[in-house]
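Coordinates from entry.tsv are shown below (TSV, C-alpha atoms).
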```tsv
chain	number	residue	atom	x	y	z
P	1	MET	CA	4.30	-15.08	1.79
P	2	LYS	CA	5.01	-17.03	-1.40
P	3	PHE	CA	3.88	-14.52	-4.00
P	4	LEU	CA	5.84	-11.43	-3.01
P	5	ILE	CA	8.68	-9.91	-5.01
P	6	PRO	CA	11.92	-8.74	-3.39
P	7	HIS	CA	12.02	-5.56	-1.30
P	8	ARG	CA	14.31	-3.77	-3.77
P	9	TYR	CA	11.33	-3.21	-6.12
P	10	LYS	CA	9.72	-0.72	-3.71
P	11	LYS	CA	11.88	2.25	-4.73
P	12	PRO	CA	11.37	1.80	-8.50
P	13	GLY	CA	7.66	1.39	-7.82
P	14	ALA	CA	7.54	4.62	-5.82
P	15	ILE	CA	9.15	6.44	-8.76
P	16	MET	CA	7.09	4.78	-11.49
P	17	ILE	CA	3.70	5.60	-9.95
P	18	PRO	CA	3.91	9.42	-10.09
P	19	LEU	CA	5.89	9.52	-13.32
P	20	GLY	CA	3.61	7.05	-15.09
P	21	PHE	CA	0.48	8.78	-13.83
P	22	THR	CA	1.78	12.21	-14.89
P	23	LEU	CA	2.63	11.00	-18.39
P	24	TRP	CA	-0.76	9.29	-18.71
P	25	MET	CA	-2.60	12.43	-17.58
P	26	LEU	CA	-0.56	14.61	-19.93
P	27	MET	CA	-1.75	12.41	-22.77
P	28	GLN	CA	-5.35	12.38	-21.55
P	29	LEU	CA	-5.42	16.18	-21.32
P	30	GLY	CA	-3.84	16.60	-24.75
P	31	TYR	CA	-0.55	18.09	-23.60
P	32	ILE	CA	1.65	15.58	-25.45
P	33	LYS	CA	0.40	16.85	-28.78
P	34	LYS	CA	0.73	20.45	-27.60
P	35	ILE	CA	4.38	19.80	-26.63
P	36	LEU	CA	5.05	18.20	-30.04
P	37	VAL	CA	3.43	21.13	-31.84
P	38	TYR	CA	5.46	23.58	-29.73
P	39	PHE	CA	8.76	21.95	-30.61
P	40	PHE	CA	8.08	20.68	-34.13
P	41	GLY	CA	5.26	22.87	-35.40
P	42	GLU	CA	1.79	22.07	-36.63
P	43	PRO	CA	1.49	18.79	-38.58
P	44	GLU	CA	1.02	20.01	-42.15
P	45	LEU	CA	1.53	16.61	-43.75
P	46	ASN	CA	-0.56	13.50	-43.10
P	47	TYR	CA	2.39	11.39	-42.06
P	48	VAL	CA	3.52	14.01	-39.52
P	49	SER	CA	0.05	13.97	-38.01
P	50	THR	CA	0.26	10.17	-37.90
P	51	VAL	CA	3.65	10.38	-36.18
P	52	TYR	CA	2.19	12.77	-33.61
P	53	ASN	CA	-0.67	10.33	-32.97
P	54	ILE	CA	1.77	7.45	-32.60
P	55	VAL	CA	3.90	9.41	-30.12
P	56	ASN	CA	0.72	10.28	-28.22
P	57	ALA	CA	-0.37	6.65	-28.12
P	58	VAL	CA	3.10	5.45	-27.07
P	59	ALA	CA	3.15	8.05	-24.28
P	60	ALA	CA	-0.25	6.81	-23.11
P	61	VAL	CA	0.85	3.17	-23.12
P	62	ILE	CA	4.16	3.87	-21.38
P	63	GLY	CA	2.52	6.17	-18.83
P	64	PHE	CA	-0.41	3.91	-18.04
P	65	PHE	CA	1.58	0.71	-17.80
P	66	SER	CA	4.37	2.37	-15.80
P	67	PHE	CA	1.70	3.52	-13.38
P	68	LEU	CA	0.25	0.01	-13.13
P	69	ALA	CA	3.69	-1.60	-12.86
P	70	GLY	CA	4.57	0.87	-10.09
P	71	ILE	CA	1.42	-0.09	-8.19
P	72	PHE	CA	2.29	-3.78	-8.64
P	73	PHE	CA	5.84	-3.25	-7.35
P	74	ILE	CA	4.74	-1.26	-4.30
P	75	THR	CA	1.83	-3.58	-3.43
P	76	PHE	CA	3.54	-6.92	-3.88
P	77	SER	CA	7.09	-6.26	-2.75
P	78	LYS	CA	8.23	-7.58	0.61
P	79	GLU	CA	8.94	-5.40	3.58
P	80	ARG	CA	12.51	-5.35	4.91
P	81	VAL	CA	11.41	-7.72	7.67
P	82	GLU	CA	8.46	-9.91	6.76
P	83	ASP	CA	6.82	-11.05	9.98
P	84	GLU	CA	3.34	-12.03	11.14
P	85	MET	CA	2.29	-8.46	11.91
P	86	VAL	CA	3.23	-7.30	8.42
P	87	GLN	CA	1.25	-10.18	6.92
P	88	ARG	CA	-1.79	-9.43	9.06
P	89	THR	CA	-1.57	-5.72	8.22
P	90	ARG	CA	-1.39	-6.65	4.54
P	91	LEU	CA	-4.56	-8.74	4.86
P	92	ASP	CA	-6.40	-6.05	6.84
P	93	SER	CA	-5.38	-3.45	4.28
P	94	PHE	CA	-6.82	-5.54	1.44
P	95	GLN	CA	-10.09	-5.76	3.37
P	96	PHE	CA	-10.04	-2.01	3.99
P	97	ALA	CA	-9.40	-1.33	0.30
P	98	ALA	CA	-12.32	-3.58	-0.65
P	99	TYR	CA	-14.65	-1.62	1.66
P	100	ILE	CA	-13.49	1.72	0.25
P	101	GLN	CA	-13.91	0.54	-3.32
P	102	LEU	CA	-17.39	-0.86	-2.66
P	103	ILE	CA	-18.54	2.39	-1.05
P	104	ALA	CA	-17.06	4.39	-3.93
P	105	VAL	CA	-18.79	2.15	-6.50
P	106	ILE	CA	-22.16	2.65	-4.79
P	107	ILE	CA	-21.68	6.43	-4.62
P	108	GLY	CA	-20.38	6.53	-8.18
P	109	PHE	CA	-23.31	4.64	-9.65
P	110	LEU	CA	-25.80	6.69	-7.65
P	111	PHE	CA	-24.12	9.78	-9.11
P	112	ILE	CA	-24.48	8.36	-12.63
P	113	LEU	CA	-28.16	7.54	-12.03
P	114	ILE	CA	-28.89	11.02	-10.70
P	115	MET	CA	-26.91	12.85	-13.38
P	116	GLY	CA	-28.49	10.84	-16.22
P	117	GLU	CA	-26.78	11.38	-19.61
P	118	LYS	CA	-24.16	13.69	-18.12
P	119	GLY	CA	-23.27	10.96	-15.65
P	120	GLU	CA	-23.07	8.28	-18.34
P	121	SER	CA	-20.39	10.19	-20.21
P	122	ARG	CA	-18.24	9.94	-17.06
P	123	LEU	CA	-18.73	6.16	-16.78
P	124	MET	CA	-15.31	5.23	-18.22
P	125	PHE	CA	-13.64	7.68	-15.85
P	126	PHE	CA	-15.46	6.18	-12.88
P	127	LEU	CA	-14.62	2.62	-13.86
P	128	ALA	CA	-10.91	3.44	-14.13
P	129	PHE	CA	-11.11	5.41	-10.90
P	130	PHE	CA	-12.69	2.51	-8.98
P	131	ILE	CA	-9.96	0.11	-10.06
P	132	ILE	CA	-7.17	2.47	-9.12
P	133	LEU	CA	-8.87	3.49	-5.87
P	134	PHE	CA	-8.62	-0.09	-4.56
P	135	TRP	CA	-4.87	-0.24	-4.96
P	136	ILE	CA	-4.21	3.30	-3.76
P	137	SER	CA	-6.34	2.64	-0.64
P	138	PHE	CA	-4.40	-0.54	0.05
P	139	ILE	CA	-1.00	1.12	-0.38
P	140	ALA	CA	-2.01	4.12	1.75
P	141	ARG	CA	-3.37	2.09	4.67
P	142	PHE	CA	-0.63	-0.54	4.64
P	143	ASN	CA	2.15	2.02	4.71
P	144	TYR	CA	0.35	4.25	7.21
P	145	ILE	CA	-0.02	1.38	9.70
P	146	LEU	CA	3.55	0.14	9.33
P	147	HIS	CA	5.51	3.33	8.85
P	148	VAL	CA	3.48	6.06	10.56
P	149	LYS	CA	1.25	4.63	13.27
P	150	TYR	CA	3.63	1.99	14.61
P	151	ARG	CA	6.94	3.63	13.69
E	152	MET	CA	-4.84	-9.03	26.64
E	153	LYS	CA	-2.12	-7.28	28.59
E	154	ASN	CA	1.58	-7.94	28.57
E	155	ILE	CA	4.73	-6.93	30.40
E	156	VAL	CA	7.07	-7.31	27.43
E	157	ARG	CA	8.40	-3.77	27.83
E	158	GLU	CA	9.15	-4.16	31.52
E	159	GLU	CA	10.92	-7.48	31.02
E	160	ARG	CA	12.83	-6.15	28.02
E	161	LEU	CA	14.10	-3.19	30.07
E	162	LYS	CA	15.12	-5.53	32.91
E	163	LYS	CA	17.26	-7.41	30.40
E	164	GLU	CA	18.60	-4.07	29.09
E	165	LEU	CA	17.53	-4.84	25.55
E	166	THR	CA	16.41	-2.34	22.96
E	167	GLN	CA	13.34	-3.00	20.84
E	168	VAL	CA	15.63	-3.68	17.87
E	169	GLN	CA	17.70	-6.20	19.81
E	170	LEU	CA	14.63	-8.05	21.06
E	171	ALA	CA	13.16	-7.97	17.54
E	172	ASP	CA	16.34	-9.49	16.13
E	173	LEU	CA	16.33	-12.20	18.84
E	174	VAL	CA	12.82	-13.37	17.94
E	175	GLY	CA	13.01	-12.65	14.20
E	176	VAL	CA	10.44	-9.89	13.82
E	177	SER	CA	10.51	-6.18	12.99
E	178	ARG	CA	10.96	-3.44	15.57
E	179	GLN	CA	7.45	-2.20	14.76
E	180	THR	CA	6.03	-5.56	15.83
E	181	ILE	CA	7.76	-5.36	19.23
E	182	PHE	CA	6.57	-1.77	19.62
E	183	SER	CA	2.93	-2.62	18.78
E	184	ILE	CA	3.00	-5.65	21.15
E	185	GLU	CA	4.32	-3.44	23.98
E	186	ILE	CA	1.55	-0.87	23.50
E	187	ASN	CA	-1.06	-3.67	23.38
E	188	LYS	CA	-2.06	-2.86	19.82
E	189	TYR	CA	-1.03	-6.24	18.45
E	190	ILE	CA	-1.64	-9.68	19.93
E	191	PRO	CA	1.18	-12.04	18.89
E	192	SER	CA	0.65	-15.55	17.66
E	193	VAL	CA	1.38	-18.50	19.96
E	194	VAL	CA	4.71	-19.08	18.24
E	195	LEU	CA	5.81	-15.47	18.65
E	196	ALA	CA	4.61	-15.38	22.26
E	197	LEU	CA	6.67	-18.50	23.01
E	198	LYS	CA	9.71	-16.98	21.28
E	199	LEU	CA	9.34	-13.79	23.28
E	200	SER	CA	9.01	-15.62	26.58
E	201	LYS	CA	12.10	-17.69	25.75
E	202	ALA	CA	14.09	-14.57	24.83
E	203	LEU	CA	13.02	-12.83	28.04
E	204	GLY	CA	13.57	-15.89	30.21
E	205	LYS	CA	10.03	-16.01	31.55
E	206	LYS	CA	6.97	-18.22	31.19
E	207	VAL	CA	4.38	-17.21	28.60
E	208	GLU	CA	1.66	-16.85	31.22
E	209	ASP	CA	3.90	-14.54	33.25
E	210	ILE	CA	4.32	-12.17	30.31
E	211	PHE	CA	0.86	-12.31	28.71
E	212	ARG	CA	-2.29	-12.08	30.80
E	213	LEU	CA	-5.95	-12.25	29.87
E	214	GLU	CA	-8.12	-9.34	30.83
E	215	ALA	CA	-11.72	-9.56	32.01
E	216	SER	CA	-12.91	-8.55	28.53
E	217	ASP	CA	-10.99	-11.48	26.95
E	218	LYS	CA	-12.64	-14.21	29.02
E	219	GLY	CA	-15.40	-15.84	26.97
```
As a first step, turn the structure in this file into structure tokens.
Amino acid sequence: MKFLIPHRYKKPGAIMIPLGFTLWMLMQLGYIKKILVYFFGEPELNYVSTVYNIVNAVAAVIGFFSFLAGIFFITFSKERVEDEMVQRTRLDSFQFAAYIQLIAVIIGFLFILIMGEKGESRLMFFLAFFIILFWISFIARFNYILHVKYR
Amino acid sequence: MKNIVREERLKKELTQVQLADLVGVSRQTIFSIEINKYIPSVVLALKLSKALGKKVEDIFRLEASDKG
């Protein structure tokens, strides 16, 4: 395969995914600001509040892009031995991930239609979820076939 | 498709890792070929038959369900 990165990127990817996701979720749930307030107190001045917002935004960017970079490293790094079975499993796993994502999209949009306005407010969440679901499905199936089923 | 890769490998006293190294694939590939979960390409089948010292048609056989 021409477009794969070296195998050594797998470990960093496996570390970046949970750490990046955790940091991103902490920001989404407002815990970054809570941690800042706990250690540095409430922002009484405008510029302190701005600093808190900047730290929050930086945490979101670092977390989100670490998560995405981790997914990229895991998905597109070579196996120790790249042979025809690994390549076929990679192709099958992409197909599997496409099926899972399509089914999830159909269910998700049906949910939004049924829930009406309540569902619409969750649209951004669903869209992000669908994108991530594709890659997580691929990684899960690919590694299950190679390292669990045919170990 | 059925194969006798495992039997021939054991006759040659090779481990799955050794046979995998001989033909340039992973151990998992040899394992999945032996349990008939993976059908190798022509190139890999030829490499395996060469490594095991047998003809391809002696190692890999079509089943009734394969015949079109």
- Task: Select all residues from chain P having any atom no more than 12 Å from an atom of chain E (counting only C-alpha atoms, ignoring ligands), output as a PyMOL selection string.
- Result: chain P and resi 79-89+145-151
Please provide as a PyMOL selection string all residues within 12 Å of P:Gly30, with the sequence filter that same-chain residues fewer than 4 positions apart are discarded (counting all atoms listed in the file).
-> chain P and resi 23-26+34-37+52-53+55-57+59-60
- prompt: Hey, what's within 10 Å of E:Leu203 if we count only C-alpha atoms and toss same-chain stuff fewer than 6 positions away? As a list in words, please?
  reply: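 Using only C-alpha atoms, the neighbours found are Val156, Glu159, Arg160, Leu161, Lys162, Lys163, Leu165, Leu170, Leu173, Leu197 and Ile210 of chain E.
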* Just give me the gap between atom CA of P:Gly70 and atom CA of P:Met16 in Å, one decimal is fine. =>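 These atoms are spaced 4.9 Å apart.
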**Within-7 Å shell of (-6.5, -9.9, 30.4) in input frame, only C-alpha atoms, as a ChimeraX atom specification** = /E:152-153,212-217
Discussion item. Rounded to one decimal, what separation in Å do you get between atom CA of P:Gly63 and atom CA of P:Phe40?
Written reply: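 Calculated distance between atom CA of P:Gly63 and atom CA of P:Phe40 is 21.8 Å.
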**Asked** How far is it from atom CA of P:Arg141 to atom CA of P:Ala98, in Å with one decimal?
**Response**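 Rounded to one decimal, the two atoms are 11.9 Å apart.
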What would stretch 160-191 of chain E look like with N, CA and C atoms restored, written as a compact mmCIF listing (two decimals), in the frame of the given file?
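Output below, filename rebuild_26.txt:
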```txt
# COMPACT_ATOMS: atom_id res chain seq x y z
N ARG E 160 11.77 -6.51 28.97
CA ARG E 160 12.83 -6.15 28.02
C ARG E 160 13.81 -5.16 28.68
N LEU E 161 13.24 -4.19 29.41
CA LEU E 161 14.10 -3.19 30.07
C LEU E 161 14.93 -3.83 31.18
N LYS E 162 14.34 -4.82 31.86
CA LYS E 162 15.12 -5.53 32.91
C LYS E 162 16.33 -6.20 32.30
N LYS E 163 16.15 -6.71 31.09
CA LYS E 163 17.26 -7.41 30.40
C LYS E 163 18.16 -6.42 29.66
N GLU E 164 17.83 -5.12 29.75
CA GLU E 164 18.60 -4.07 29.09
C GLU E 164 18.72 -4.30 27.58
N LEU E 165 17.60 -4.63 27.00
CA LEU E 165 17.53 -4.84 25.55
C LEU E 165 16.77 -3.69 24.92
N THR E 166 17.20 -3.31 23.73
CA THR E 166 16.41 -2.34 22.96
C THR E 166 15.33 -3.10 22.19
N GLN E 167 14.39 -2.35 21.63
CA GLN E 167 13.34 -3.00 20.84
C GLN E 167 13.96 -3.72 19.63
N VAL E 168 14.98 -3.09 19.05
CA VAL E 168 15.63 -3.68 17.87
C VAL E 168 16.32 -4.99 18.24
N GLN E 169 16.98 -4.98 19.39
CA GLN E 169 17.70 -6.20 19.81
C GLN E 169 16.73 -7.34 20.08
N LEU E 170 15.62 -7.02 20.78
CA LEU E 170 14.63 -8.05 21.06
C LEU E 170 13.99 -8.53 19.75
N ALA E 171 13.74 -7.60 18.83
CA ALA E 171 13.16 -7.97 17.54
C ALA E 171 14.09 -8.93 16.79
N ASP E 172 15.37 -8.63 16.81
CA ASP E 172 16.34 -9.49 16.13
C ASP E 172 16.40 -10.87 16.78
N LEU E 173 16.27 -10.91 18.11
CA LEU E 173 16.33 -12.20 18.84
C LEU E 173 15.19 -13.12 18.44
N VAL E 174 13.99 -12.52 18.24
CA VAL E 174 12.82 -13.37 17.94
C VAL E 174 12.46 -13.39 16.45
N GLY E 175 13.21 -12.59 15.64
CA GLY E 175 13.01 -12.65 14.20
C GLY E 175 11.82 -11.88 13.68
N VAL E 176 11.51 -10.76 14.31
CA VAL E 176 10.44 -9.89 13.82
C VAL E 176 10.97 -8.47 13.64
N SER E 177 10.09 -7.58 13.17
CA SER E 177 10.51 -6.18 12.99
C SER E 177 10.37 -5.41 14.30
N ARG E 178 11.06 -4.28 14.37
CA ARG E 178 10.96 -3.44 15.57
C ARG E 178 9.54 -2.96 15.77
N GLN E 179 8.84 -2.67 14.66
CA GLN E 179 7.45 -2.20 14.76
C GLN E 179 6.55 -3.24 15.44
N THR E 180 6.84 -4.50 15.20
CA THR E 180 6.03 -5.56 15.83
C THR E 180 6.24 -5.54 17.35
N ILE E 181 7.48 -5.42 17.79
CA ILE E 181 7.76 -5.36 19.23
C ILE E 181 7.07 -4.13 19.83
N PHE E 182 7.19 -3.01 19.14
CA PHE E 182 6.57 -1.77 19.62
C PHE E 182 5.06 -1.94 19.75
N SER E 183 4.40 -2.50 18.75
CA SER E 183 2.93 -2.62 18.78
C SER E 183 2.48 -3.68 19.80
N ILE E 184 3.32 -4.69 20.08
CA ILE E 184 3.00 -5.65 21.15
C ILE E 184 3.08 -4.93 22.50
N GLU E 185 4.12 -4.13 22.68
CA GLU E 185 4.32 -3.44 23.98
C GLU E 185 3.20 -2.45 24.28
N ILE E 186 2.64 -1.83 23.26
CA ILE E 186 1.55 -0.87 23.50
C ILE E 186 0.18 -1.54 23.40
N ASN E 187 0.19 -2.87 23.39
CA ASN E 187 -1.06 -3.67 23.38
C ASN E 187 -1.93 -3.42 22.16
N LYS E 188 -1.30 -3.06 21.06
CA LYS E 188 -2.06 -2.86 19.82
C LYS E 188 -2.03 -4.11 18.94
N TYR E 189 -1.13 -5.02 19.25
CA TYR E 189 -1.03 -6.24 18.45
C TYR E 189 -0.89 -7.43 19.38
N ILE E 190 -1.73 -8.46 19.14
CA ILE E 190 -1.64 -9.68 19.93
C ILE E 190 -0.83 -10.70 19.14
N PRO E 191 0.32 -11.13 19.67
CA PRO E 191 1.18 -12.04 18.89
C PRO E 191 0.57 -13.43 18.78
```
